[in-house]
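Shown below: data-v4.cif, with mmCIF, C-alpha atoms.
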```
data_run
loop_
_atom_site.label_atom_id
_atom_site.label_comp_id
_atom_site.auth_asym_id
_atom_site.auth_seq_id
_atom_site.Cartn_x
_atom_site.Cartn_y
_atom_site.Cartn_z
CA MET C 1 21.89 27.83 51.58
CA THR C 2 20.99 25.32 48.86
CA SER C 3 22.59 25.95 45.49
CA ARG C 4 20.50 25.57 42.37
CA ALA C 5 21.65 23.25 39.62
CA ARG C 6 23.08 25.25 36.76
CA ARG C 7 21.76 24.44 33.26
CA PRO C 8 24.59 23.38 30.94
CA SER C 9 25.81 25.56 28.11
CA PRO C 10 23.12 25.68 25.40
CA HIS C 11 25.43 24.43 22.64
CA TRP C 12 26.14 20.71 22.67
CA THR C 13 29.47 19.24 21.54
CA TRP C 14 28.93 16.49 18.98
CA PRO C 15 31.52 14.00 17.63
CA ASP C 16 34.11 15.51 15.28
CA GLY C 17 32.70 18.99 15.85
CA ALA C 18 29.44 18.24 14.02
CA ARG C 19 26.88 21.04 13.85
CA ALA C 20 24.03 18.74 14.91
CA ALA C 21 23.02 15.10 15.15
CA ILE C 22 20.61 13.67 12.59
CA SER C 23 18.79 10.34 12.90
CA LEU C 24 16.91 8.89 9.93
CA THR C 25 14.07 6.61 11.01
CA TYR C 26 11.81 4.35 8.94
CA ASP C 27 8.53 2.91 10.21
CA ASP C 28 6.76 -0.42 9.75
CA GLY C 29 9.46 -2.57 8.15
CA ARG C 30 8.44 -1.94 4.54
CA LEU C 31 10.06 -3.97 1.78
CA ASN C 32 11.10 -0.76 0.05
CA HIS C 33 13.26 0.01 3.09
CA LEU C 34 15.26 -3.10 2.32
CA ASP C 35 15.24 -2.58 -1.44
CA MET C 36 15.87 1.18 -1.60
CA ALA C 37 16.36 2.99 1.72
CA ILE C 38 19.09 0.75 3.13
CA PRO C 39 21.14 0.58 -0.11
CA ASP C 40 20.93 4.39 -0.37
CA LEU C 41 22.01 4.87 3.25
CA GLU C 42 24.94 2.52 2.87
CA GLN C 43 26.06 4.13 -0.38
CA PHE C 44 26.42 7.42 1.51
CA GLY C 45 28.05 5.75 4.51
CA PHE C 46 25.08 6.11 6.88
CA ARG C 47 23.09 3.81 9.12
CA GLY C 48 19.40 4.25 9.94
CA THR C 49 16.83 3.19 12.51
CA PHE C 50 14.07 0.86 11.28
CA TYR C 51 11.02 0.29 13.47
CA LEU C 52 9.48 -3.15 12.95
CA THR C 53 6.22 -4.74 14.03
CA TYR C 54 5.08 -8.35 13.77
CA SER C 55 3.88 -7.80 10.21
CA PRO C 56 3.77 -10.23 7.27
CA ASP C 57 6.40 -8.23 5.36
CA ALA C 58 8.77 -8.20 8.34
CA ARG C 59 8.32 -11.92 9.00
CA ARG C 60 8.97 -12.81 5.36
CA SER C 61 12.20 -10.80 5.34
CA LEU C 62 13.73 -11.61 8.71
CA HIS C 63 16.98 -12.83 7.18
CA ARG C 64 17.40 -9.47 5.43
CA TRP C 65 16.60 -7.51 8.59
CA ARG C 66 19.10 -9.59 10.56
CA ALA C 67 21.71 -8.82 7.92
CA ALA C 68 20.94 -5.09 8.13
CA PHE C 69 21.26 -5.27 11.92
CA SER C 70 24.64 -6.99 11.58
CA ARG C 71 25.81 -4.10 9.35
CA GLY C 72 25.03 -1.50 12.00
CA HIS C 73 21.44 -0.42 11.33
CA GLU C 74 19.22 -0.15 14.38
CA ILE C 75 16.17 -2.41 14.33
CA GLY C 76 13.78 -0.79 16.79
CA ASN C 77 10.50 -1.78 18.41
CA HIS C 78 7.31 -0.34 16.90
CA SER C 79 5.14 -2.56 19.17
CA TYR C 80 3.95 -6.07 18.36
CA ASN C 81 0.58 -5.42 16.69
CA HIS C 82 0.81 -1.67 15.90
CA PRO C 83 -2.44 -0.88 17.77
CA SER C 84 -4.64 1.93 16.50
CA LYS C 85 -5.71 4.91 18.59
CA GLU C 86 -9.10 3.25 18.97
CA ALA C 87 -7.52 0.01 20.18
CA LEU C 88 -5.30 1.87 22.65
CA SER C 89 -8.37 3.55 24.14
CA GLY C 90 -9.37 0.12 25.45
CA PHE C 91 -5.94 -0.78 26.86
CA ASP C 92 -4.99 -0.79 30.52
CA ALA C 93 -1.49 -0.85 32.02
CA GLY C 94 -1.22 -4.63 31.68
CA ASP C 95 -2.28 -4.58 28.05
CA ILE C 96 0.29 -1.99 27.01
CA LEU C 97 3.04 -3.71 28.97
CA ALA C 98 2.26 -6.93 27.09
CA GLU C 99 2.14 -5.15 23.73
CA VAL C 100 5.49 -3.42 24.18
CA GLY C 101 7.07 -6.48 25.77
CA ARG C 102 5.97 -8.87 23.03
CA GLY C 103 7.44 -6.56 20.42
CA ALA C 104 10.73 -6.32 22.30
CA SER C 105 10.93 -10.09 22.84
CA TRP C 106 10.09 -10.86 19.21
CA LEU C 107 12.93 -8.63 18.02
CA THR C 108 15.38 -10.15 20.48
CA GLU C 109 14.49 -13.66 19.35
CA ASN C 110 14.37 -12.98 15.61
CA ILE C 111 16.79 -10.09 14.99
CA GLY C 112 19.17 -10.36 17.92
CA PRO C 113 19.73 -8.96 21.40
CA ASP C 114 20.16 -5.21 21.64
CA PRO C 115 19.68 -3.66 25.09
CA GLU C 116 19.91 -0.16 23.59
CA ARG C 117 17.27 -0.45 20.86
CA SER C 118 14.64 2.29 20.89
CA PHE C 119 10.85 2.30 20.62
CA ALA C 120 8.55 4.27 18.30
CA TYR C 121 4.97 5.02 19.34
CA PRO C 122 2.54 3.59 16.73
CA HIS C 123 0.70 6.49 15.07
CA GLY C 124 2.59 8.79 17.44
CA GLN C 125 -0.12 8.05 20.02
CA THR C 126 1.30 8.43 23.54
CA GLY C 127 -1.72 7.54 25.71
CA ILE C 128 -3.96 4.58 26.50
CA GLY C 129 -7.32 4.10 28.22
CA ALA C 130 -10.45 6.21 27.99
CA GLY C 131 -9.64 9.25 25.92
CA ASN C 132 -6.04 8.06 25.51
CA VAL C 133 -5.07 10.26 28.43
CA ASP C 134 -3.01 7.76 30.44
CA ARG C 135 0.52 8.56 29.31
CA ASP C 136 2.24 7.41 32.48
CA ALA C 137 1.26 3.75 32.09
CA TYR C 138 2.46 3.75 28.47
CA ALA C 139 5.78 5.38 29.38
CA THR C 140 6.24 2.98 32.29
CA ALA C 141 5.70 0.00 29.98
CA ILE C 142 8.23 1.33 27.47
CA SER C 143 10.81 1.99 30.18
CA ARG C 144 10.77 -1.71 31.13
CA TYR C 145 12.46 -2.47 27.81
CA HIS C 146 13.83 0.77 26.33
CA HIS C 147 15.60 4.00 27.26
CA VAL C 148 14.32 6.01 24.29
CA ALA C 149 10.91 6.37 22.63
CA ARG C 150 10.28 8.34 19.45
CA LEU C 151 7.23 10.49 18.80
CA ALA C 152 5.85 11.34 15.36
CA ASP C 153 6.05 15.13 15.35
CA GLY C 154 7.82 18.11 16.83
CA PRO C 155 10.97 20.24 16.52
CA PRO C 156 14.58 19.07 16.79
CA ASN C 157 15.52 17.88 20.26
CA ASP C 158 17.65 19.77 22.76
CA PRO C 159 20.20 17.18 23.96
CA HIS C 160 20.06 18.67 27.47
CA ASP C 161 16.50 17.29 27.69
CA VAL C 162 17.56 13.71 26.82
CA ARG C 163 17.63 11.91 30.16
CA LEU C 164 17.44 8.49 31.72
CA PRO C 165 15.57 6.34 32.60
CA LEU C 166 13.33 7.17 29.61
CA THR C 167 13.48 10.04 27.16
CA ILE C 168 10.81 10.86 24.59
CA VAL C 169 12.24 12.41 21.43
CA HIS C 170 10.41 14.40 18.79
CA ALA C 171 10.59 13.52 15.12
CA SER C 172 9.25 15.13 11.97
CA GLY C 173 7.68 13.47 8.95
CA PHE C 174 7.20 15.22 5.62
CA ASP C 175 3.86 14.69 3.92
CA CYS C 176 4.25 14.80 0.15
CA SER C 177 0.52 15.33 -0.35
CA ASN C 178 1.02 18.75 1.23
CA GLY C 179 3.87 19.59 -1.14
CA SER C 180 6.76 18.81 1.21
CA LEU C 181 10.00 18.52 -0.70
CA PHE C 182 13.71 18.49 -0.01
CA ARG C 183 13.65 22.15 1.08
CA ASP C 184 11.44 21.32 4.08
CA MET C 185 13.87 18.68 5.31
CA TRP C 186 16.76 21.05 4.66
CA ASN C 187 15.08 23.68 6.83
CA TYR C 188 14.50 21.14 9.60
CA CYS C 189 18.14 20.02 9.62
CA GLU C 190 19.40 23.59 9.41
CA ALA C 191 17.26 24.52 12.42
CA ALA C 192 19.00 21.73 14.35
CA GLY C 193 22.37 22.86 13.08
CA SER C 194 21.86 26.45 14.20
CA ARG C 195 21.27 25.33 17.80
CA GLY C 196 23.42 22.21 18.03
CA HIS C 197 20.31 20.06 18.49
CA TRP C 198 19.27 16.56 17.39
CA ALA C 199 16.92 16.24 14.40
CA VAL C 200 15.01 12.98 13.94
CA ILE C 201 13.35 12.46 10.55
CA MET C 202 10.58 9.90 10.05
CA PHE C 203 9.90 8.05 6.80
CA HIS C 204 7.34 5.48 5.76
CA ASP C 205 7.52 4.35 2.12
CA VAL C 206 10.49 5.24 -0.07
CA ILE C 207 9.32 4.72 -3.67
CA ALA C 208 11.04 4.67 -7.03
CA GLY C 209 8.59 7.01 -8.75
CA HIS C 210 8.73 10.81 -8.82
CA HIS C 211 5.09 11.34 -7.81
CA PRO C 212 4.69 10.22 -4.20
CA VAL C 213 1.47 10.72 -2.30
CA GLY C 214 0.67 11.01 1.40
CA ASN C 215 3.58 9.91 3.56
CA GLN C 216 5.54 8.39 0.69
CA MET C 217 8.96 9.81 -0.21
CA SER C 218 10.44 9.52 -3.66
CA ARG C 219 13.81 7.83 -3.80
CA HIS C 220 15.14 10.84 -5.69
CA VAL C 221 14.35 13.19 -2.78
CA HIS C 222 15.60 10.60 -0.28
CA ARG C 223 18.95 10.50 -2.04
CA GLN C 224 18.98 14.28 -2.33
CA LEU C 225 18.66 14.50 1.45
CA LEU C 226 21.46 11.98 1.99
CA SER C 227 23.74 13.88 -0.37
CA TYR C 228 23.10 17.10 1.53
CA LEU C 229 23.77 15.44 4.89
CA ARG C 230 26.99 13.97 3.54
CA SER C 231 28.22 17.35 2.28
CA GLU C 232 27.46 19.24 5.50
CA LYS C 233 28.98 18.85 8.96
CA PHE C 234 26.29 16.69 10.54
CA TRP C 235 26.64 13.55 12.61
CA VAL C 236 24.21 11.03 11.08
CA ALA C 237 23.61 8.03 13.33
CA PRO C 238 20.81 5.73 14.57
CA VAL C 239 18.57 6.89 17.40
CA LYS C 240 20.11 4.54 19.95
CA GLU C 241 23.64 5.71 19.10
CA VAL C 242 22.87 9.41 19.45
CA ALA C 243 20.94 8.84 22.67
CA GLY C 244 23.76 6.70 24.06
CA TYR C 245 26.29 9.41 23.28
CA ILE C 246 24.16 12.01 25.08
CA PHE C 247 23.64 9.76 28.11
CA GLN C 248 27.40 9.20 28.36
CA HIS C 249 28.21 12.90 28.16
CA THR C 250 25.51 14.31 30.42
CA ASN C 251 26.55 15.31 33.91
CA GLY C 252 23.95 14.98 36.65
CA GLY C 253 21.49 13.52 34.16
CA GLY C 254 18.22 13.44 36.09
CA SER C 255 15.31 11.04 35.79
CA GLY C 256 11.74 10.70 34.71
CA ALA C 257 10.00 10.42 31.37
CA ARG C 258 9.63 13.57 29.34
CA ILE C 259 6.52 13.31 27.18
CA GLY C 260 5.96 15.45 24.15
#
```
Can you give me the file's structure in the form of structure tokens?
Amino acid sequence: MTSRARRPSPHWTWPDGARAAISLTYDDGRLNHLDMAIPDLEQFGFRGTFYLTYSPDARRSLHRWRAAFSRGHEIGNHSYNHPSKEALSGFDAGDILAEVGRGASWLTENIGPDPERSFAYPHGQTGIGAGNVDRDAYATAISRYHHVARLADGPPNDPHDVRLPLTIVHASGFDCSNGSLFRDMWNYCEAAGSRGHWAVIMFHDVIAGHHPVGNQMSRHVHRQLLSYLRSEKFWVAPVKEVAGYIFQHTNGGGSGARIG
């Protein structure tokens, strides 16, 4: 008689008895990440994950990104050219492998080697080819260089679903044009805390003003979030660090990419 694998206990044990893991991620290598987001994170004792592409801003600030990397921030791969959904519809398996690989190589050469750095899907788009339906070729390309890829939407992640060789993790962004404020991020983190899950929050611009639009976040609200995370029992760490902890503490891990 073949025994069935038993699913682990639903509540995960995080470092120092934390209620949940929280990763703060920032897309596109914006200058305001260097000027505002990173100083705020470091003031509160946190490190973030910053997804870079081969952009003019990133190239002009490589010395600052290398310094951030040396201080413990994750500098992740957001592809080389940040292709649009329309561009991806014309890609085949070789094209996406080249796009992901060039991004990974550029970071290794200009930021430094990091075999654990993660990937973030540009625009949260997970497919290539006609209709963007080919997810397997995209996931296969990512898995050549990374163990973790971040989406752009979805609920907090159950750590029991984080598996090698490639795991796809959900993230949530908060669109200020729709009235999202600190309370929405609080609710998202509390949902993770109630289940012992892993919440991944996605930012684009962090601005000094109090009237952000679209996917901008005011620095005031950014700092409000960091203060809350500091005061509660959360483990705040880069994507690669949380994923690595889960990989190390998962028994009988399993394999295969889990997409969205």
Next on the checklist: Excluding Ala130 in chain C and its own-chain neighbours fewer than 4 positions away, which residues fall within 9 Å of it when counting all atoms listed in the file? Please give them as a list of chain:residue names.
Outcome noted: C:Leu88, C:Ser89, C:Gly90, C:Phe91, C:Asp134
Store the residues picked out above in a file with C-alpha atoms, as a short mmCIF file (atom, residue, chain, number, x, y, z; two decimals), in the frame of the given file.
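Saved to result33.cif:
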```cif
data_model
loop_
_atom_site.label_atom_id
_atom_site.label_comp_id
_atom_site.auth_asym_id
_atom_site.auth_seq_id
_atom_site.Cartn_x
_atom_site.Cartn_y
_atom_site.Cartn_z
CA LEU C 88 -5.30 1.87 22.65
CA SER C 89 -8.37 3.55 24.14
CA GLY C 90 -9.37 0.12 25.45
CA PHE C 91 -5.94 -0.78 26.86
CA ASP C 134 -3.01 7.76 30.44
#
```
Checklist entry - Expanded to explicit residues, what is the PyMOL selection byres ((chain C and resi 181-192) around 9) for this file, as a PyMOL selection string? => result chain C and resi 19-22+155-158+172-176+179-180+193-201+217+221-222+224-225+228-229+234
Next on the checklist: Would you compute the distance between CA of Ala243 in chain C and CA of Val148 in chain C? Give it in Å to one decimal.
Outcome noted: 7.4 Å
Checklist entry - Leaving out range 99-104 of chain C and any residue of its chain fewer than 6 positions from it, which residues lie within 12 Å of it when counting only C-alpha atoms, given as a PyMOL selection string? => result chain C and resi 51-55+75-83+87-88+91-93+110-122+128+137-146+149
Next on the checklist: Using all atoms listed in the file, which protein or nucleic acid residues come within 9 Å of Asp40 in chain C? Drop anything in the same chain fewer than 2 positions from it, and give the result as a ChimeraX atom specification.
Outcome noted: /C:36-38,42-46,219,222-223,226
Item to check | Residue nearest Ala58 in chain C among C:His33, C:His220, C:His204, C:Arg150 (counting only C-alpha atoms) | outcome: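 Closest residue, counting only C-alpha atoms: C:His33.
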Item to check | Between CA of Gly214 in chain C and CA of Ala68 in chain C, distance in Å (one decimal) | outcome: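 So the two atoms, CA of Gly214 in chain C and CA of Ala68 in chain C, lie 26.7 Å apart.
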Next on the checklist: Which residues are close to Arg47 in chain C, i.e. within 7 Å by all atoms listed in the file, leaving aside same-chain residues fewer than 4 positions away? Reply as JSON, numbers by chain.
Outcome noted: {"C": [41, 42, 72, 73, 237, 238]}
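With all atoms listed in the file as the atoms that count, the residue of C:Thr167, C:Gly48, C:His211, C:Asp161 with the shortest distance to Thr25 in chain C is C:Gly48.
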Checklist outcome for this item: One residue among C:Ile207, C:Ala98, C:Val213, C:Ile246 is nearest to Trp12 in chain C when using only C-alpha atoms, and that residue is C:Ile246
Checklist entry - What separation in Å, quoted to one decimal, exists between CA of Lys85 in chain C and CA of Asn132 in chain C? => result 7.6 Å
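Candidate residues C:His147, C:Gln248, C:Leu97, C:Gly154 were compared for distance to Gly124 in chain C, and the nearest is C:Gly154, using all atoms listed in the file.
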Next on the checklist: My list of candidates is C:Leu107, C:Ala152, C:Ile96, C:Ala18. Which is closest to Gly127 in chain C when distances are computed with only C-alpha atoms?
Outcome noted: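 Result for the nearest residue to Gly127 in chain C: C:Ile96.
Considering the residues C:Arg230, C:Val242, C:Asp205, C:Thr250 and counting all atoms listed in the file, Val169 in chain C has its shortest atom-to-atom contact with C:Val242.
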